[in-house]
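Peer 1: My structure is below; once you've seen it, I'll send some questions.
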Amino acid sequence: MTGPSAVAATGRRFGDRVADHVAARESQIVLGLDPDPSRLWPGSGEGVPADGPPAARAAAAVAAHCRAVIAAVAPAVVAVKPQLACFERLGAPGRAALGAAVEAAHEHGLLVLADGKRGDIDVSATAYAQSLVGTTPTPYGDVPGLGADALTAAPYMGVDTIDSLLAVTRPAGAGVFVLVRTSNPGAADVEDLELAGGGPLWEHVARIVDRLGEGDGAALHDVGAVVGATRPEHVARMRELMPRAVFLLPGVGAQGGRVEDLAPAWAPGPAGGLATASRSIVQAAERGGVGTPAAAARAEAERLRDAAWSLA
């Protein structure tokens with residue numbers, strides 16, 4: 001069963017669901033899906049019609065590529081993180097390809113973390129959450145959304161925007177990962193700015209994340225934090241500020257982040273940190289991996305899984 005009904009049927013908070021998945025799969029690795037229609041795995045275009053609208057043909061190839069990648073690495077990962085923009089740029093067929101990727105991930109028992117970094121006023125935030133993890137009530141019946149298990153969110157329009165997301169995600173047993181300190185070089189332009197009261201802006205956001213999160217007892221919270229793996233020197237301080245948050249750790253691999261440098265992320269236990277790798281897994285064969293793209297991707301995902309598991 002996939003989609004919002006499958007999420008809601010669990011009856012468990014998102015932090016508990018993450019812990020369950022990590023324990024069952026013995027992995028904290030998240031497969032990032034950032035499909036580029038011009039750099040897909042060989043064979044992705046075999047079933048694509050010879051003619052038709054470019055968007056539909058490209059999206060069909062992207063969907064085939066994503067299904068192949070997920071099938072290849074699923075045993076070594078715990079979740080998939082589709083970058084929504086890479087699908088949405090293909091229009092309505094791209095949204096269909098995104099849905100196919102989500103369905104494939106759920107068929108393999110993986111969580112889906114929809115990476116769109118949403119953040120807007122209450123009406124828009126609610127619509128974003130309904131689109132990604134919930135349902136939209138209409139006079140014609142409820143319309144299911146994407147069926148993701150969590151979404152990423154930008155906090156810079158204020159706490160009320162996150163509250164609006166949580167009003168949808170919590171009843172669905174889904175999670176929200178708030179941008180705290182991201183992996184890109186330009187993060188320093190805003191996130192590292194010193195506040196008048198002292199400390200960088202990202203520390204203030206971290207305290208908000210900790211305050212908003214809910215979990216029973218020592219359980220992990222349903223509000224997590226996006227913590228860039230490219231700046232590991234911040235991870236210990238973030239863990240002090242957010243002791244029960246799940247850290248989503250992008251930037252491993254192609255961006256230079258190393259799983260071995262992120263040990264404080266797993267202070268709460270094995271599910272405390274989810275390390276994300278995209279190009280380093282999907283393009284492993286191009287980067288000197290051995291064998292087919294599928295075999296090289298699986299080997300790289302297994303290497304990352306073993307490295308992270310040894311720290312946890």
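Following the order of the structure tokens, chains are lettered A, B, ..., residues in each are numbered from 1, and ligands are numbered from 1.
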Please, which residues in range 40-78 of chain A fall within 12 Å of range 276-280 of chain A when counting only C-alpha atoms, and what is the closest atom pair and distance in Å to one decimal for each, ordered by chain then residue number, as CSV?
Peer 2:
```
residue,atom,partner,partner_atom,distance
A:Leu40,CA,A:Arg279,CA,11.5
A:Cys66,CA,A:Ser278,CA,11.8
A:Val69,CA,A:Ser278,CA,10.7
A:Ile70,CA,A:Ser278,CA,11.7
A:Val73,CA,A:Ser278,CA,11.6
A:Val77,CA,A:Thr276,CA,9.6
A:Val78,CA,A:Thr276,CA,10.2
```
Peer 1: Please provide as a PyMOL selection string all residues within 8 Å of range 51-63 of chain A, with the sequence filter that same-chain residues fewer than 2 positions apart are discarded (counting only C-alpha atoms).
Peer 2: chain A and resi 35-37+40+44-49+65-67+87+90-91+93-94+96-98+100-101
Peer 1: Within range 104-236 of chain A, find each residue whose DSSP state, derived from the backbone, is alpha helix (DSSP H), and express the selection as a PyMOL selection string.
Peer 2: chain A and resi 104-107+122-132+159-169+201-212+235-236
Peer 1: Which residue out of A:Val133, A:Ala50, A:Leu220, A:Ala71 has the minimum interatomic distance to Ala297 in chain A when only C-alpha atoms are used?
Peer 2: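 Distance minimum relative to Ala297 in chain A lands on A:Ala71.
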Peer 1: For Val18 in chain A, list every protein, DNA or RNA residue within 8 Å, evaluated using only C-alpha atoms, and leave out those in the same chain fewer than 4 positions away; present the list as JSON, numbers by chain.
Peer 2: {"A": [14, 22, 271]}
Peer 1: Please produce an output containing all heavy atoms for each residue in the selection, written as a PDB file, in the first residue's frame.
Peer 2:
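Output saved as result-v5.pdb:
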```
ATOM      1  N   PHE A  14       6.489  10.277  13.159  1.00  0.00           N
ATOM      2  CA  PHE A  14       7.521  10.115  12.143  1.00  0.00           C
ATOM      3  C   PHE A  14       8.851   9.678  12.738  1.00  0.00           C
ATOM      4  O   PHE A  14       9.541   8.829  12.174  1.00  0.00           O
ATOM      5  CB  PHE A  14       7.695  11.426  11.369  1.00  0.00           C
ATOM      6  CG  PHE A  14       8.757  11.344  10.303  1.00  0.00           C
ATOM      7  CD1 PHE A  14       8.566  10.567   9.177  1.00  0.00           C
ATOM      8  CD2 PHE A  14       9.949  12.042  10.433  1.00  0.00           C
ATOM      9  CE1 PHE A  14       9.544  10.477   8.188  1.00  0.00           C
ATOM     10  CE2 PHE A  14      10.928  11.966   9.457  1.00  0.00           C
ATOM     11  CZ  PHE A  14      10.720  11.178   8.336  1.00  0.00           C
ATOM     12  N   VAL A  22      15.197   2.263  10.079  1.00  0.00           N
ATOM     13  CA  VAL A  22      16.649   2.155  10.202  1.00  0.00           C
ATOM     14  C   VAL A  22      17.024   0.827  10.853  1.00  0.00           C
ATOM     15  O   VAL A  22      17.938   0.126  10.397  1.00  0.00           O
ATOM     16  CB  VAL A  22      17.217   3.343  10.997  1.00  0.00           C
ATOM     17  CG1 VAL A  22      18.665   3.093  11.413  1.00  0.00           C
ATOM     18  CG2 VAL A  22      17.124   4.622  10.164  1.00  0.00           C
ATOM     19  N   ALA A 271      19.237   5.925  14.334  1.00  0.00           N
ATOM     20  CA  ALA A 271      18.350   6.678  13.445  1.00  0.00           C
ATOM     21  C   ALA A 271      18.512   8.189  13.595  1.00  0.00           C
ATOM     22  O   ALA A 271      17.768   8.947  12.960  1.00  0.00           O
ATOM     23  CB  ALA A 271      16.898   6.285  13.700  1.00  0.00           C
TER      24      ALA A 271
END
```
